[in-house]
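Below is one structure, written out as structure tokens; comments come after it.
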Amino acid sequence: MKKVVVFVGIILLVCAFKELSPFEKQLLGNLTAQLRELQQEKLYLHTDKSVYNVGEKIWFRGYLVHAAGLQPMVYSRYAYVDLVDRRDSVIRRIKVVERDSCFYGQVNIPKDLQQGDYCLRGYTYYMQNQGEDFLFKKKIRVINPEDSKVWTDVTYTKNRENSYTATIRLSDADGEPYDRVLLTYIAGVKKDAYSKKNARTDKEGKFEVKIDTTMKTIEIEFQEGHPFPFKRYIHIPSHLRDFDVQFFPEGGSLLSNNWQKVAFKAIGADGRAVHASGEVYQDSVAIAEIETQHDGMGCFRIPVNPGKEFYAIMRTEDGVEKRFDLPKVSDDGWGVTLVGQDSMLHYRVIKAQNARLPKELYAVIHCRGMLIGSNRVNGLTKGSINMSMIPEGISHIVLMDEEANVYSQRLFFRKFKQRPELKITTNKPTYVSRELVKMEIDFDAPFKGYLDGSFSISVTDDEKVVQDSLEDNILSNLLLTSDLKGYIDNPAYYFNDTTPEIDAHLDLVMMTHGWTRFDISKIAKGEFAVLKFPLEIGQIVSGRVNNFWGKKSKGANIVLISNYGLCRMVETDETGNFVVNGIAFHDSTSFLVQALSAKGRRGVTVRVDEDEFLPPVYDLPYNMQEKKKEEEFYKQHGLNYYYENGEKIYVLDEVQVVRRKIKKSYSFYDNLAYHQLDSAKIAENGVMDITQIIQLLPGVTFEKDDEGEDCFKHFGRKLYILVNDFEEPMDQIRLIPVGALRNISLLDRMQGQIFFGDRGANGVLIISAEPGWTPKPLGRPNVLPFKLLGFQVPDEFYVPKYDVDSVRKDNRYDERSTIYWKPVITIDRENPASVSFYTADTYGKYSVIVEGITSNGIICRKRVPLVLK
């Protein structure tokens with residue numbers, strides 16, 4: 001909270017030496033209230049690497065900062081990390097608690113996870129108020145040695161508009177085709193029993209599938225598990241050759257009687273930047289030739305003549321040509337333009353030929369909601385901004401009147417030309433295998449002894465972990481991508497150097513991406529966002545109690561106990577709700593709650609609230625170019641072996657199947673199901689309760705319906721539920737023991753409509769329990785066993801100690817890809833940080849990456865090589 005006061009102090013100092021108008025006082029007060037009461041958060045995750053094998057752990061450190069000042073601040077005490085696949089399903093979700101003023105832990109990658117790209121999503125519960133666009137996201141690549149038994153090469157041929165043929169070739173690790181093999185496939189979403197089709201590969205191992213541009217996946221598997229069990233999802237890249245070009249006049253509008261800069265961005269159907277060129281026309285007369293300069297972006301200047309229309313004819317490298325209209329010319333608008341010169345940024349207010357000056361017009365400058373200054377505009381005003389007074393990152397200049405109506409706006413970026421550098425020194429220039437590395441980390445002169453902060457370090461093998469110098473990192477994320485909607489290609493590029501060309505390209509990003517995190521107009525009007533997700537400063541158990549007639553039970557007595565000895569007693573309030581707070585529980589905690597009426601009777605029903613999360617979305621781009629890169633990566637770095645207890649186990653291409661697993665059906669509908677959880681999958685997640693297990697189905701969530709009752713939904717639509725082919729109330733379903741579950745199936749909307757009419761129009765959940773289990777009358781609705789997502793107890797990263805004889809003489813080959821990981825290292829003003837670890841047996845280069853934030857909000861990142869020879 002002290003640092004919030006610092007932010008507010010900065011705002012007050014800006015306007016301390018000038019007399020404020022009523023509008024400026026209102027703006028200042030609302031911005032101060034925003035910083036004090038509605039603090040926004042940013043979360044960045046530093047992972048040990050970005051490429052993993054199945055069965056490994058994703059080690060991470062979470063940096064939670066104030067979205068305005070970027071200082072490390074812990075408001076939320078808990079953070080969440082999801083591993084999401086391309087089908088928008090959560091593979092793993094963990095909750096970590098604040099430790100050592102930060103968040104760290106690990107995500108265990110399932111051993112049976114399909115090889116491919118996944119999204120790591122990080123956020124606090126409170127951050128969900130800002131929406132999906134402002135959650136942290138990072139692409140994670142997972143290698144599965146089992147997948148090396150079958151390589152799938154896919155080529156696409158266009159048949160007609162929006163229709164393609166996918167030719168899929170199946171081969172083994174040596175490139176030999178799986179010829180004359182029977183298989184089944186489903187193209188796109190399974191809609192009915194006829195969605196699954198049969199095919200046979202030819203002598204080259206190929207077969208064809210008809211697809212269209214709406215499909216995202218092709219699911220294939222060997223028929224009846226022959227020659228061995230195999231199932232894979234092939235993700236279909238965007239094939240549309242269509243593209244779009246958007247034009248962004250500086251300040252927002254084309255104003256008559258002005259020369260104006262216009263930025264533009266060309267994107268393909270998949271949302272990725274494309275190269276395009278063309279001509280700009282004024283009433284059919286070409287006046288400018290234009291071409292994208294960097295990542296689909298470019299700019300040009302044109303004379304904006306009144307009464308004229310402007311358009312562009314643009315062409316891509318694929319030969320697609322389209323016409324795009326520029327924004328209409330305004331005759332009565334106002335605008336603002338920027339010109340940089342050395343350490344000053346000059347702005348100029350311009351107007352259209354018939355524009356009339358409002359009674360009060362202000363040029364307001366703010367950085368992430370912190371007011372930098374405001375000036376009254378009198379006609380064609382000019383002004384200057386001393387960039388040394390601007391915090392690093394995105395800032396915003398806005399023309400506003402006294403009613404907070406916006407006339408024009410422009411983003412600009414201030415980047416430190418010189419920032420504090422970390423200095424990493426080792427005790428030797430080179431090393432041999434299994435040798436001790438001693439390392440010191442400190443700030444370089446002249447900042448040594450003046451700065452302190454908290455950092456994390458990873459050391460990885462360059463041969464196994466590809467380092468992409470252009471991918472998002474702590475600098476680009478906290479200063480750039482976390483404040484803008486839309487995908488930004490190669491964000492780290494803008495921070496790798498400080499050349500004029502890079503600065504010009506960064507300004508194109510500012511002109512082609514709108515400001516979205518801080519809506520200055522609404523803040524100025526006092527229109528603050530309604531927060532659905534509260535700030536999570538502690539763990540609670542909450543719920544409600546209804547009496548025999550379904551009414552709210554006031555004064556009911558609640559007893560909450562856990563398997564770790566917790567016992568708490570509370571009463572319900574006037575609305576029948578209860579809250580048990582001041583507790584802490586980890587992820588293996590089970591609870592039981594009992595409710596009695598105010599008179600001590602059992603005739604009440606108790607329910608517990610579940611956490612609510614934004615639906616997972618995998619929205620990282622995937623086009624033909626990305627597909628090619630992905631395939632090349634897995635062919636180069638894919639493995640045909642894994643380690644088990646230190647032994648290298650090779651995956652054979654040919655496997656003799658002694659016994660074929662028979663797919664069991666417990667319900668008539670199981671064979672038609674859109675998705676299934678069989679007994680093996682249920683047993684694997686036996687520590688969960690039934691509501692958590694059901695949510696393993698893609699798109700299924702446990703929420704409240706319109707009447708506030710618990711229900712399961714599939715992508716926001718309430719599901720119809722059957723248990724052993726009979727309807728059951730939710731209270732009864734929640735009492736089914738996990739050990740009694742045999743299968744859970746999900747019918748989609750079409751199937752549900754066919755078999756169950758309007759009741760199943762949103763989809764149907766089919767729950768099969770063990771034979772002999774029959775629905776029983778709800779014996780004690782006042783007693784409820786349940787589990788909530790508790791915090792993770794982090795593991796310790798294992799580092800072999802080769803100074804011990806038994807370890808040094810171990811003849812097993814040390815091929816670790818992550819050599820060292822430590823989530824918390826501290827540099828204080830008197831002492832550098834010191835770490836030590838042993839090298840592995842692989843010779844070559846390692847990458848040492850240190851990321852972190854100083855106590856006063858300066859973001860630091862350093863990468864240095866470590867050589868074994």
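Ordering of the structure tokens sets the chain letters (A, B, ...), residue numbers begin anew at 1 in every chain, and ligands are numbered from 1 in the order given.
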
For stretch 507-511 of chain A, work out the shell of residues within 9 Å, counting only C-alpha atoms and skipping chain neighbours fewer than 2 positions away, then give it as a ChimeraX atom specification. /A:248-251,262-265,294,297-299,394,410-413,488,502-505,513-515

Which polymer residues have any atom within 7 Å of an atom of stretch 90-100 of chain A, counting only C-alpha atoms, with same-chain residues fewer than 2 positions away left out, as a ChimeraX atom specification? /A:77-85,88,102-105,616,790-792

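For A:Asn378, the set of protein, DNA and RNA residues having any atom at most 12 Å away, when counting only C-alpha atoms and skipping those fewer than 6 positions along the same chain, is A:Arg348, A:Val349, A:Ile350, A:Lys351, A:Arg356, A:Leu357, A:Pro358, A:Lys359, A:Glu360, A:Leu361, A:Tyr362, A:Ala363, A:Leu399, A:Asp401.
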
Those selected residues, please, written with N, CA, C and O atoms and delivered as a compact mmCIF listing (two decimals), in the first residue's frame.
# COMPACT_ATOMS: atom_id res chain seq x y z
N ARG A 348 1.28 18.34 -31.60
CA ARG A 348 0.60 19.46 -32.25
C ARG A 348 -0.87 19.11 -32.41
O ARG A 348 -1.22 18.01 -32.85
N VAL A 349 -1.72 20.05 -32.02
CA VAL A 349 -3.16 19.88 -32.17
C VAL A 349 -3.57 20.42 -33.52
O VAL A 349 -3.25 21.56 -33.87
N ILE A 350 -4.23 19.61 -34.33
CA ILE A 350 -4.69 20.03 -35.65
C ILE A 350 -6.21 19.95 -35.71
O ILE A 350 -6.84 19.31 -34.86
N LYS A 351 -6.78 20.63 -36.72
CA LYS A 351 -8.24 20.62 -36.85
C LYS A 351 -8.62 20.57 -38.31
O LYS A 351 -7.84 20.92 -39.21
N ARG A 356 -14.88 23.58 -34.89
CA ARG A 356 -15.11 24.65 -33.91
C ARG A 356 -14.57 24.20 -32.57
O ARG A 356 -14.78 23.06 -32.13
N LEU A 357 -13.88 25.11 -31.91
CA LEU A 357 -13.26 24.78 -30.64
C LEU A 357 -14.32 24.62 -29.55
O LEU A 357 -15.16 25.51 -29.36
N PRO A 358 -14.33 23.48 -28.85
CA PRO A 358 -15.25 23.33 -27.72
C PRO A 358 -14.95 24.37 -26.65
O PRO A 358 -13.89 25.01 -26.63
N LYS A 359 -15.89 24.51 -25.73
CA LYS A 359 -15.72 25.49 -24.66
C LYS A 359 -14.43 25.23 -23.90
O LYS A 359 -13.68 26.16 -23.60
N GLU A 360 -14.18 23.98 -23.58
CA GLU A 360 -12.94 23.60 -22.92
C GLU A 360 -12.41 22.34 -23.60
O GLU A 360 -13.13 21.35 -23.71
N LEU A 361 -11.18 22.41 -24.05
CA LEU A 361 -10.53 21.25 -24.67
C LEU A 361 -9.15 21.10 -24.04
O LEU A 361 -8.42 22.08 -23.89
N TYR A 362 -8.82 19.87 -23.67
CA TYR A 362 -7.57 19.61 -22.95
C TYR A 362 -6.76 18.54 -23.68
O TYR A 362 -7.33 17.59 -24.23
N ALA A 363 -5.46 18.70 -23.64
CA ALA A 363 -4.53 17.65 -24.05
C ALA A 363 -4.06 16.96 -22.77
O ALA A 363 -3.30 17.55 -21.99
N LEU A 399 -7.06 14.13 -26.53
CA LEU A 399 -7.80 15.40 -26.57
C LEU A 399 -9.19 15.15 -26.02
O LEU A 399 -9.95 14.34 -26.56
N ASP A 401 -12.78 17.04 -23.93
CA ASP A 401 -13.45 18.25 -23.48
C ASP A 401 -13.83 18.10 -22.01
O ASP A 401 -13.52 17.09 -21.37

Given the choices A:Ala187, A:Leu746, A:Ile457, A:Ile109, which gets closest to A:Lys822 if the distance is worked out from only C-alpha atoms? A:Ile457

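Nearest to A:Tyr820 of all the residues A:Pro832, A:Pro227, A:Pro800, A:Gly379 is A:Pro800, counting only C-alpha atoms.
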
Any idea what's packed within 6 Å of A:Asn53, counting only C-alpha atoms, ignoring anything in its chain fewer than 6 positions away? Could you give it as a ChimeraX atom specification? /A:142-144

Using only C-alpha atoms, find each residue in stretch 42-81 of chain A having at least one atom no more than 10 Å away from stretch 479-483 of chain A; report its shortest atom-to-atom pair and that distance in Å (one decimal), rows by chain then rising number, as CSV.
residue,atom,partner,partner_atom,distance
A:Lys42,CA,A:Ser482,CA,7.3
A:Leu43,CA,A:Ser482,CA,8.8
A:Tyr44,CA,A:Ser482,CA,8.9
A:Ala67,CA,A:Asp483,CA,8.6
A:Leu70,CA,A:Leu479,CA,8.6

With N, CA, C and O atoms kept, could you save the residues just selected as a short mmCIF file (atom, residue, chain, number, x, y, z; two decimals), in the first residue's frame?
data_model
loop_
_atom_site.label_atom_id
_atom_site.label_comp_id
_atom_site.auth_asym_id
_atom_site.auth_seq_id
_atom_site.Cartn_x
_atom_site.Cartn_y
_atom_site.Cartn_z
N LYS A 42 -0.68 -7.25 -13.16
CA LYS A 42 -0.09 -7.98 -14.27
C LYS A 42 0.69 -9.15 -13.68
O LYS A 42 1.33 -9.02 -12.64
N LEU A 43 0.65 -10.27 -14.39
CA LEU A 43 1.41 -11.44 -13.96
C LEU A 43 2.24 -11.93 -15.13
O LEU A 43 1.72 -12.14 -16.23
N TYR A 44 3.54 -12.09 -14.91
CA TYR A 44 4.44 -12.66 -15.91
C TYR A 44 5.04 -13.94 -15.35
O TYR A 44 5.42 -14.00 -14.17
N ALA A 67 -0.18 -2.88 -12.27
CA ALA A 67 -0.26 -2.62 -13.71
C ALA A 67 0.14 -1.21 -14.07
O ALA A 67 0.55 -0.95 -15.20
N LEU A 70 4.32 -0.89 -12.18
CA LEU A 70 5.15 -2.04 -12.45
C LEU A 70 6.02 -2.47 -11.28
O LEU A 70 6.86 -3.35 -11.41
#

I'd like the contact shell of A:Val339 - 10 Å cut-off, only C-alpha atoms, skipping same-chain residues fewer than 3 positions apart - returned as a PyMOL selection string. chain A and resi 344-348+384
